[in-house]
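Text of work_7.cif (mmCIF, C-alpha atoms) as supplied:
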```cif
data_upload
loop_
_atom_site.label_atom_id
_atom_site.label_comp_id
_atom_site.auth_asym_id
_atom_site.auth_seq_id
_atom_site.Cartn_x
_atom_site.Cartn_y
_atom_site.Cartn_z
CA MET P 5 32.16 14.83 2.13
CA SER P 6 31.73 12.57 -0.85
CA SER P 7 31.43 14.28 -4.20
CA ASP P 8 28.32 14.33 -6.35
CA ASP P 9 30.02 11.92 -8.74
CA GLU P 10 30.62 9.39 -6.05
CA LEU P 11 27.13 9.84 -4.65
CA ALA P 12 25.66 9.46 -8.12
CA GLU P 13 27.58 6.26 -8.64
CA ARG P 14 26.36 4.83 -5.37
CA LEU P 15 22.81 5.90 -6.16
CA ARG P 16 22.93 4.22 -9.54
CA ALA P 17 24.24 1.07 -7.92
CA GLY P 18 21.07 1.06 -5.82
CA ASP P 19 22.69 2.08 -2.53
CA GLU P 20 19.93 3.49 -0.36
CA LYS P 21 22.46 5.05 1.98
CA ALA P 22 23.44 7.34 -0.88
CA LEU P 23 19.86 8.56 -1.09
CA ARG P 24 19.92 9.16 2.64
CA THR P 25 23.10 11.23 2.23
CA ALA P 26 21.47 13.22 -0.56
CA TYR P 27 18.46 13.76 1.69
CA GLU P 28 20.59 14.95 4.58
CA ARG P 29 22.50 17.27 2.30
CA HIS P 30 19.67 18.67 0.21
CA GLY P 31 16.35 17.70 1.83
CA ALA P 32 16.10 21.10 3.53
CA ALA P 33 16.64 22.94 0.22
CA VAL P 34 14.00 20.84 -1.55
CA LEU P 35 11.53 21.47 1.26
CA TYR P 36 12.33 25.20 1.20
CA LEU P 37 11.73 25.44 -2.56
CA ALA P 38 8.46 23.52 -2.31
CA GLN P 39 7.26 25.62 0.57
CA ARG P 40 8.09 28.89 -1.19
CA LEU P 41 6.27 27.77 -4.32
CA LEU P 42 3.26 26.16 -2.66
CA GLY P 43 3.03 28.39 0.39
CA ASN P 44 1.89 25.47 2.49
CA ARG P 45 3.96 23.25 4.73
CA ALA P 46 1.94 20.02 4.40
CA ASP P 47 1.93 20.14 0.59
CA ALA P 48 5.62 21.05 0.62
CA GLU P 49 6.42 17.99 2.72
CA ASP P 50 4.43 15.81 0.31
CA VAL P 51 6.35 17.24 -2.62
CA THR P 52 9.65 16.65 -0.82
CA GLN P 53 8.63 13.04 -0.25
CA VAL P 54 7.65 12.37 -3.86
CA THR P 55 10.76 14.21 -5.07
CA PHE P 56 13.12 11.88 -3.24
CA VAL P 57 11.11 8.81 -4.21
CA ALA P 58 11.22 9.98 -7.85
CA ALA P 59 14.95 10.63 -7.49
CA TRP P 60 15.32 7.06 -6.33
CA THR P 61 13.26 5.45 -9.08
CA GLY P 62 14.79 7.77 -11.69
CA ARG P 63 18.34 7.57 -10.35
CA ASP P 64 19.68 6.30 -13.66
CA GLY P 65 18.72 9.62 -15.18
CA TYR P 66 21.09 11.70 -13.09
CA ASP P 67 24.24 12.70 -14.93
CA PRO P 68 26.82 14.58 -12.80
CA GLN P 69 28.28 16.02 -16.01
CA ARG P 70 25.13 18.02 -16.60
CA GLY P 71 24.75 19.62 -13.20
CA THR P 72 25.01 19.06 -9.49
CA LEU P 73 22.84 16.71 -7.52
CA LEU P 74 21.17 19.68 -5.85
CA SER P 75 20.04 21.25 -9.11
CA TRP P 76 18.80 17.87 -10.34
CA LEU P 77 16.76 17.41 -7.17
CA LEU P 78 15.42 20.96 -7.32
CA GLY P 79 14.43 20.35 -10.96
CA ILE P 80 12.43 17.28 -9.95
CA ALA P 81 10.86 19.16 -7.05
CA ARG P 82 9.80 21.97 -9.33
CA ARG P 83 8.10 19.57 -11.73
CA LYS P 84 6.34 17.92 -8.79
CA VAL P 85 5.13 21.31 -7.62
CA VAL P 86 3.73 22.01 -11.08
CA ASP P 87 2.03 18.59 -11.14
CA ARG P 88 0.49 19.28 -7.78
CA LEU P 89 -0.78 22.71 -8.75
CA ARG P 90 -2.20 21.31 -11.99
CA SER P 91 -4.03 18.52 -10.26
CA ALA P 92 -5.31 20.95 -7.65
CA ALA P 93 -6.56 23.10 -10.48
CA ARG P 94 -8.23 20.10 -12.09
CA ASP P 95 -9.86 19.24 -8.81
CA ASP P 96 -11.16 22.75 -8.39
CA ARG P 97 -12.02 23.06 -12.04
CA ALA P 98 -10.51 26.47 -11.57
CA THR P 99 -7.38 27.09 -13.55
CA GLU P 100 -7.42 30.50 -11.98
CA THR P 101 -6.01 28.95 -8.81
CA VAL P 102 -2.80 28.08 -10.55
CA ARG P 103 -2.38 31.54 -11.89
CA THR P 104 -3.04 33.13 -8.51
CA GLN P 105 -0.76 30.74 -6.69
CA LEU P 106 1.99 31.11 -9.20
CA ALA P 107 1.89 34.85 -9.50
CA PRO P 108 4.97 35.93 -7.59
CA SER P 109 4.10 38.70 -5.17
CA ASP P 110 7.59 40.03 -5.54
CA ASP P 111 9.56 39.91 -8.75
CA ARG P 112 12.51 38.26 -7.07
CA GLU P 113 10.44 35.34 -5.91
CA THR P 114 10.29 33.51 -9.21
CA PRO P 115 11.08 29.78 -9.01
CA GLU P 116 14.31 30.55 -10.88
CA ARG P 117 15.33 33.06 -8.26
CA ILE P 118 14.69 30.64 -5.42
CA VAL P 119 16.64 27.90 -7.15
CA ASP P 120 19.52 30.30 -7.91
CA ARG P 121 19.60 31.35 -4.29
CA LEU P 122 19.73 27.74 -3.09
CA VAL P 123 22.44 26.88 -5.59
CA VAL P 124 24.59 29.87 -4.61
CA ALA P 125 24.04 29.14 -0.90
CA ASP P 126 25.12 25.54 -1.48
CA GLU P 127 28.28 26.70 -3.24
CA LEU P 128 28.97 29.24 -0.50
CA GLY P 129 28.85 26.38 1.99
CA ARG P 130 31.45 24.47 -0.04
CA LEU P 131 34.02 27.27 -0.15
CA PRO P 132 37.09 27.10 2.07
CA GLU P 133 36.18 28.38 5.53
CA GLU P 134 38.08 31.69 5.44
CA GLN P 135 36.83 32.51 1.94
CA ARG P 136 33.25 31.81 2.97
CA ARG P 137 33.52 33.88 6.14
CA THR P 138 34.95 36.82 4.20
CA LEU P 139 32.13 36.69 1.66
CA GLU P 140 29.48 36.42 4.34
CA LEU P 141 30.79 39.61 5.96
CA ALA P 142 30.53 41.34 2.59
CA PHE P 143 27.09 39.91 1.70
CA TYR P 144 25.26 39.80 5.02
CA ASP P 145 26.91 42.59 6.96
CA ASP P 146 27.63 44.78 3.97
CA LEU P 147 31.19 45.38 5.15
CA THR P 148 33.81 46.88 2.84
CA HIS P 149 37.14 45.19 2.18
CA PRO P 150 39.01 47.36 4.72
CA GLN P 151 36.29 46.75 7.33
CA ILE P 152 36.49 42.99 6.75
CA SER P 153 40.24 43.20 7.09
CA ALA P 154 39.84 45.04 10.40
CA VAL P 155 37.23 42.60 11.73
CA THR P 156 39.05 39.43 10.74
CA GLY P 157 42.61 40.61 11.18
CA LEU P 158 43.42 39.35 7.67
CA PRO P 159 45.66 41.52 5.48
CA LEU P 160 43.69 43.58 2.95
CA GLY P 161 45.33 41.72 0.06
CA THR P 162 44.13 38.41 1.46
CA VAL P 163 40.59 39.73 1.88
CA LYS P 164 40.65 40.91 -1.71
CA SER P 165 41.79 37.60 -3.09
CA HIS P 166 39.31 35.63 -0.93
CA ILE P 167 36.46 37.74 -2.21
CA ARG P 168 37.60 37.61 -5.82
CA ARG P 169 38.07 33.85 -5.77
CA GLY P 170 34.91 33.24 -3.82
CA MET P 171 32.84 35.38 -6.18
CA ALA P 172 34.35 33.57 -9.16
CA SER P 173 33.40 30.18 -7.68
CA LEU P 174 29.85 31.32 -6.96
CA ARG P 175 29.49 32.73 -10.43
CA ARG P 176 30.76 29.53 -12.06
CA ARG P 177 28.39 27.40 -10.08
CA TRP P 178 25.48 29.74 -10.76
CA GLU P 179 26.21 29.61 -14.49
CA VAL P 180 26.34 25.83 -14.47
CA ASP P 181 23.43 25.12 -12.18
CA GLY P 182 21.37 28.24 -11.87
CA ALA P 183 21.38 29.55 -15.40
CA ALA P 184 21.19 26.04 -16.80
CA PHE P 185 18.07 25.66 -14.83
CA GLY P 186 16.33 28.59 -16.44
CA SER P 187 17.48 28.52 -20.02
CA ARG P 188 19.17 25.28 -21.00
CA SER P 189 16.88 22.80 -19.34
CA ALA P 190 13.76 24.63 -20.45
CA GLY P 191 11.08 22.01 -20.18
CA PRO P 192 7.36 22.40 -19.78
CA SER P 193 7.95 23.76 -16.29
CA ARG P 194 9.66 26.78 -17.80
CA ALA P 195 6.24 28.34 -18.04
CA LEU P 196 5.97 28.34 -14.26
CA MET H 13 41.38 48.66 -24.84
CA GLN H 14 41.92 48.34 -21.10
CA HIS H 15 39.50 45.79 -19.60
CA LEU H 16 38.36 46.09 -16.04
CA ASP H 17 40.46 44.26 -13.50
CA PRO H 18 38.61 41.36 -11.76
CA ASP H 19 39.20 42.89 -8.31
CA ARG H 20 37.72 46.10 -9.55
CA LEU H 21 34.68 44.33 -11.05
CA VAL H 22 34.01 42.66 -7.73
CA LEU H 23 34.23 45.94 -5.85
CA LEU H 24 31.78 47.53 -8.28
CA ALA H 25 29.46 44.54 -8.11
CA LEU H 26 29.38 44.74 -4.33
CA SER H 27 28.64 48.49 -4.68
CA GLU H 28 31.62 49.13 -2.53
CA GLU H 29 32.96 51.70 -4.98
CA GLN H 30 31.45 53.74 -7.79
CA GLU H 31 32.34 53.46 -11.45
CA GLU H 32 34.78 56.07 -12.64
CA LEU H 33 34.04 57.90 -15.84
CA THR H 34 36.64 56.00 -17.87
CA GLU H 35 35.21 52.74 -16.54
CA SER H 36 31.67 53.70 -17.51
CA ASP H 37 32.91 54.55 -20.97
CA HIS H 38 34.63 51.22 -21.28
CA LEU H 39 31.60 49.30 -19.98
CA ALA H 40 29.41 51.04 -22.53
CA GLN H 41 31.59 49.67 -25.32
CA CYS H 42 32.78 46.31 -23.98
CA ALA H 43 30.13 43.59 -23.91
CA GLY H 44 32.52 41.20 -22.15
CA CYS H 45 33.19 43.44 -19.17
CA ARG H 46 29.52 44.44 -19.03
CA ARG H 47 28.50 40.81 -18.84
CA ASP H 48 31.12 40.13 -16.16
CA LEU H 49 29.88 43.03 -14.08
CA ASP H 50 26.21 42.08 -14.52
CA GLU H 51 26.86 38.53 -13.52
CA PHE H 52 28.93 39.51 -10.50
CA ARG H 53 26.14 41.87 -9.47
CA GLU H 54 23.61 39.07 -9.81
CA VAL H 55 25.79 36.76 -7.75
CA ALA H 56 26.33 39.45 -5.10
CA GLY H 57 22.56 39.92 -4.91
CA LEU H 58 21.99 36.19 -4.58
CA GLY H 59 24.81 36.04 -2.03
CA ALA H 60 23.02 38.58 0.15
CA GLU H 61 19.84 36.47 -0.06
CA CYS H 62 21.75 33.40 1.05
CA GLN H 63 21.36 34.54 4.62
CA ASP H 64 17.75 33.29 4.46
CA VAL H 65 18.74 29.82 3.35
CA HIS H 66 22.22 29.23 4.68
CA ASP H 67 21.05 27.49 7.81
CA LEU H 68 17.78 25.80 6.87
CA PRO H 69 16.35 23.49 9.51
CA PRO H 70 16.58 19.82 8.52
CA PRO H 71 13.28 18.31 7.37
CA PRO H 72 11.52 16.16 9.95
CA GLU H 73 12.70 12.57 10.32
CA ARG H 74 9.20 11.22 9.67
CA LEU H 75 9.51 12.58 6.15
CA TRP H 76 12.53 10.36 5.60
CA ARG H 77 10.65 7.38 7.02
CA ALA H 78 7.82 8.04 4.56
CA ILE H 79 10.34 8.17 1.70
CA GLU H 80 11.95 4.96 2.92
CA SER H 81 8.64 3.17 3.11
CA ASP H 82 7.64 4.31 -0.42
CA ILE H 83 10.97 3.04 -1.69
CA GLY H 84 10.38 -0.30 0.03
CA ARG H 85 7.11 -0.53 -1.87
CA THR H 86 8.74 0.26 -5.20
CA ARG H 87 11.27 -2.47 -4.50
CA VAL H 88 8.47 -4.95 -3.88
CA ARG H 89 6.99 -3.85 -7.17
CA GLU H 90 10.30 -4.19 -8.99
CA ALA H 91 11.00 -7.70 -7.76
CA PRO H 92 7.76 -9.49 -8.61
CA VAL H 93 7.16 -7.78 -11.90
CA THR H 94 10.17 -9.44 -13.50
CA ASP H 95 9.57 -12.57 -11.55
CA LEU H 96 5.96 -12.81 -12.63
CA ALA H 97 6.70 -11.77 -16.16
CA GLU H 98 9.07 -14.70 -16.46
CA ARG H 99 6.49 -16.98 -15.04
CA ARG H 100 3.92 -15.79 -17.55
CA ILE H 101 6.31 -16.34 -20.40
CA HIS H 102 7.01 -19.83 -19.20
CA ARG H 103 3.45 -20.64 -18.50
CA LYS H 104 2.14 -20.20 -22.01
CA PRO H 105 4.23 -22.71 -23.96
CA SER H 106 3.85 -25.22 -21.17
CA ARG H 107 0.14 -25.49 -21.74
CA ARG H 108 0.54 -28.63 -23.74
CA TRP H 109 2.02 -30.19 -20.65
CA ALA H 110 -1.17 -29.48 -18.77
CA PRO H 111 -2.30 -33.14 -18.61
CA LEU H 112 1.11 -34.07 -17.26
CA ILE H 113 0.95 -31.31 -14.66
CA ALA H 114 -2.53 -32.43 -13.69
CA ALA H 115 -1.20 -35.94 -13.23
CA ALA H 116 1.66 -34.63 -11.14
CA ALA H 117 -0.78 -32.57 -9.10
CA ALA H 118 -2.86 -35.67 -8.56
CA ALA H 119 0.23 -37.46 -7.35
CA VAL H 120 0.96 -34.61 -4.96
CA LEU H 121 -2.60 -34.76 -3.71
CA ALA H 122 -2.23 -38.47 -3.22
CA ILE H 123 0.87 -37.89 -1.13
CA ALA H 124 -0.84 -35.09 0.75
CA GLY H 125 -3.72 -37.46 1.34
CA THR H 126 -1.32 -39.97 2.83
CA VAL H 127 0.06 -37.31 5.14
CA THR H 128 -3.41 -36.44 6.29
CA ILE H 129 -4.17 -40.05 6.98
CA ASP H 130 -0.89 -40.36 8.86
CA ARG H 131 -1.94 -37.47 10.94
CA VAL H 132 -5.27 -39.05 11.68
CA LEU H 133 -3.42 -42.15 12.73
CA ASP H 134 -1.21 -39.92 14.87
CA GLY H 135 -4.32 -38.84 16.62
CA ARG H 136 -4.12 -35.31 15.25
CA ARG H 137 -7.10 -33.46 13.89
CA THR H 138 -8.00 -33.93 10.26
CA GLU H 139 -7.27 -30.97 8.08
CA THR H 140 -8.85 -30.06 4.80
CA VAL H 141 -6.40 -28.22 2.58
CA THR H 142 -8.06 -25.50 0.51
CA ALA H 143 -4.96 -24.17 -1.25
CA ARG H 144 -1.26 -24.79 -1.38
CA ALA H 145 1.90 -23.27 -2.76
CA THR H 146 5.48 -24.28 -3.28
CA LEU H 147 7.86 -21.50 -2.41
CA SER H 148 10.98 -20.99 -4.50
CA PRO H 149 13.94 -18.77 -3.74
CA LEU H 150 14.30 -15.42 -5.49
CA PRO H 151 17.43 -15.04 -7.66
CA THR H 152 19.33 -13.28 -4.87
CA VAL H 153 18.75 -16.13 -2.43
CA SER H 154 20.64 -19.41 -2.32
CA ALA H 155 19.05 -21.98 -4.59
CA ASP H 156 18.44 -24.55 -1.86
CA ALA H 157 16.13 -22.26 0.11
CA ARG H 158 12.57 -23.47 -0.22
CA GLY H 159 9.23 -23.72 1.44
CA SER H 160 5.72 -25.01 1.16
CA VAL H 161 2.42 -23.59 2.20
CA ARG H 162 -0.93 -25.17 2.93
CA VAL H 163 -4.05 -23.17 3.58
CA LEU H 164 -6.40 -25.11 5.80
CA ALA H 165 -10.17 -24.94 5.76
CA ASP H 166 -10.27 -23.35 9.20
CA GLY H 167 -8.50 -20.28 7.84
CA GLU H 168 -5.02 -21.09 9.03
CA MET H 169 -1.95 -21.22 6.90
CA GLU H 170 0.75 -23.75 7.60
CA ILE H 171 4.15 -22.83 6.28
CA ASP H 172 7.31 -24.93 6.20
CA VAL H 173 10.62 -23.41 5.19
CA SER H 174 14.16 -24.68 4.92
CA ASN H 175 17.58 -23.20 4.20
CA LEU H 176 16.47 -19.60 4.57
CA PRO H 177 19.41 -17.18 4.81
CA LEU H 178 20.22 -16.06 8.34
CA THR H 179 18.85 -12.70 9.33
CA THR H 180 19.64 -10.13 11.96
CA GLY H 181 15.96 -9.21 11.79
CA PHE H 182 13.14 -11.66 11.23
CA HIS H 183 11.29 -13.48 8.48
CA GLU H 184 7.82 -12.19 7.71
CA VAL H 185 5.10 -13.92 5.71
CA TRP H 186 2.93 -11.91 3.32
CA LEU H 187 0.14 -12.51 0.84
CA LEU H 188 0.62 -10.30 -2.22
CA ASP H 189 -1.68 -9.37 -5.05
CA PRO H 190 0.46 -10.34 -8.07
CA ASP H 191 -1.50 -7.94 -10.27
CA ASP H 192 -0.57 -5.06 -7.97
CA PRO H 193 2.24 -6.19 -5.68
CA THR H 194 2.06 -3.00 -3.65
CA LYS H 195 -1.12 -4.44 -2.17
CA MET H 196 -0.44 -7.06 0.45
CA VAL H 197 -1.56 -8.67 3.67
CA ALA H 198 0.93 -9.26 6.49
CA LEU H 199 0.37 -12.66 8.10
CA GLY H 200 3.05 -12.85 10.77
CA ASN H 201 6.59 -13.94 11.28
CA LEU H 202 8.35 -17.28 11.27
CA SER H 203 9.90 -16.83 14.72
CA ASP H 204 13.02 -18.78 13.70
CA ARG H 205 11.03 -21.97 13.38
CA PRO H 206 10.95 -24.09 10.25
CA ARG H 207 7.19 -24.65 10.57
CA VAL H 208 4.57 -22.24 11.79
CA VAL H 209 0.82 -21.92 11.55
CA LEU H 210 -0.41 -18.40 10.95
CA PRO H 211 -4.03 -17.23 10.92
CA VAL H 212 -5.21 -15.75 7.63
CA PRO H 213 -7.34 -12.68 8.40
CA PRO H 214 -11.01 -13.64 7.86
CA GLY H 215 -12.37 -12.34 4.59
CA THR H 216 -8.99 -12.33 2.80
CA ASP H 217 -9.54 -12.98 -0.90
CA LEU H 218 -7.02 -15.70 -1.67
CA ASN H 219 -7.79 -15.52 -5.37
CA ARG H 220 -6.48 -12.00 -5.33
CA PHE H 221 -3.79 -12.27 -2.64
CA ARG H 222 -2.46 -15.52 -3.99
CA LEU H 223 1.26 -14.81 -4.05
CA VAL H 224 2.89 -16.00 -0.82
CA ASP H 225 6.03 -14.04 0.01
CA VAL H 226 8.59 -14.54 2.78
CA SER H 227 10.73 -11.50 3.40
CA ASP H 228 13.71 -10.54 5.51
CA GLU H 229 12.66 -7.66 7.76
CA PRO H 230 15.09 -5.53 9.75
CA HIS H 231 14.20 -4.47 13.30
CA ASP H 232 13.63 -0.91 12.19
CA GLY H 233 10.12 -0.46 13.50
CA ASN H 234 8.89 -0.04 9.95
CA ALA H 235 5.85 -2.25 9.51
CA THR H 236 5.89 -2.16 5.72
CA HIS H 237 7.56 -4.73 3.51
CA SER H 238 11.34 -4.26 3.42
CA GLY H 239 11.43 -5.13 -0.26
CA ASN H 240 13.85 -7.90 0.53
CA SER H 241 11.86 -10.96 -0.54
CA LEU H 242 13.42 -14.38 -0.08
CA LEU H 243 10.83 -16.93 -1.16
CA ARG H 244 7.75 -16.73 -3.31
CA GLY H 245 5.07 -19.04 -4.58
CA THR H 246 1.54 -18.83 -5.92
CA LEU H 247 -1.36 -20.45 -4.13
CA THR H 248 -3.43 -22.86 -6.14
CA SER H 249 -6.45 -24.74 -4.92
#
```
File written out as structure tokens:
Amino acid sequence: MSSDDELAERLRAGDEKALRTAYERHGAAVLYLAQRLLGNRADAEDVTQVTFVAAWTGRDGYDPQRGTLLSWLLGIARRKVVDRLRSAARDDRATETVRTQLAPSDDRETPERIVDRLVVADELGRLPEEQRRTLELAFYDDLTHPQISAVTGLPLGTVKSHIRRGMASLRRRWEVDGAAFGSRSAGPSRAL
Amino acid sequence: MQHLDPDRLVLLALSEEQEELTESDHLAQCAGCRRDLDEFREVAGLGAECQDVHDLPPPPERLWRAIESDIGRTRVREAPVTDLAERRIHRKPSRRWAPLIAAAAAAVLAIAGTVTIDRVLDGRRTETVTARATLSPLPTVSADARGSVRVLADGEMEIDVSNLPLTTGFHEVWLLDPDDPTKMVALGNLSDRPRVVLPVPPGTDLNRFRLVDVSDEPHDGNATHSGNSLLRGTLTS
């Protein structure tokens, strides 16, 4: 798997195959974010389309030093969602629509939360296989360290270190990409 | 001050074990450990939510095709804008050469006239030319590639090309609106022949769609312009 740096370089050089790779890697996450925010599949697909086209035309603006490709793409998608809701509101002459559509039914479902979840999931997928499997047993199946050790046959000490290292990686990535998203890159879409 | 051990923080964050009294005391005083624990808790919470997104279905392939086709259109826009901008820059100072150009045009017409007469002598039908264009290679194409276009009164367009780069696809002829190059009319393909006659769709406004474009199209089933233009020239009457 080529790194974000390499992909960014190929993108900047105008290599369309790099965009295709980015789409294969992150298209599903972009579509998921759009669908969660818009609540409508057709609009979400439109937003995904304009997001990747904007990523292509604005490819010079991506700097791997400032975040991963995924968070950059999700940032574009979020702005496109806002644009779409605003223009829908203009069309309806009812700003109320935006407020209703944006009001998260559940506190966890803020755009930040969805982005954080996608970023952490992406990082989880990049962890070494055994580390990832161990964390999934802890997260999804709510197993304790000794239970994970029993299920996997790994020594307890190994389970411990997998979980500690895995958690540290997730936290680092979340701080760089997730938190950056909410606080550091606070643009107009922060109000969303 | 004894900070909390990272293994211990993780266990607490995963709610696998409860804080002991001494740990609670320490957390109450130590902002660093408190922040570590809070962040690990947040990550553990997000980790649990990952189950919803860890195996998202890939977006439909047609979505990618739509993206690809939009990108093709932006490429078309990118190419002519610079190309035309240069032309505009060059056109202005050359106005004082207008009489010379007119004379040259007259000479061309004279030659064209000769050709027409030759054709009549050949026993071929007489053709009235309503517009013509000289096609020049784009900067990415070898400099000896060229072409010429004649629009005939009966609505057909005759196009001659030479030294086009080889293609694994085919060469397609388009009429573009230079003021908005995303708007275009597809005329047909060159079928590997140096000279073809293509019908111009009736009602096509040649004042608007006056930029003739020959592109290299891959066999990808995508009917839109590939963005890979080879030759271009503007129709003049």
Discussion item. I need the residue nearest chain H from this list: P:Phe143, P:Trp76, P:Tyr36, P:Tyr27. Use all atoms listed in the file for the distance.
Written reply: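 Distance minimum relative to chain H lands on P:Phe143.
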Fill in: Contact residues (chain H, partner chain P, 10 Å, only C-alpha atoms) as an MDAnalysis selection string
chainID H and resid 18:23 25:29 48 51:72 75:83 86:87
Worksheet item: Smallest atom-to-atom distance to Tyr66 of chain P: which of P:Arg94, P:Asp87, P:Gly79, P:Gly43, using all atoms listed in the file?
Response: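 Checking each of P:Arg94, P:Asp87, P:Gly79, P:Gly43 against Tyr66 of chain P, counting all atoms listed in the file, the winner is P:Gly79.
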Worksheet item: If the PyMOL selection byres ((chain H and resi 187-198) around 6) is run on the structure shown, which residues does it catch, given as a PyMOL selection string?
Response: chain H and resi 85+89+186+199-200+220-221+223-224
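With only C-alpha atoms as the atoms that count, the residue of H:Leu150, H:Met169, H:Cys45, H:Ala143 with the shortest distance to Val212 of chain H is H:Met169.
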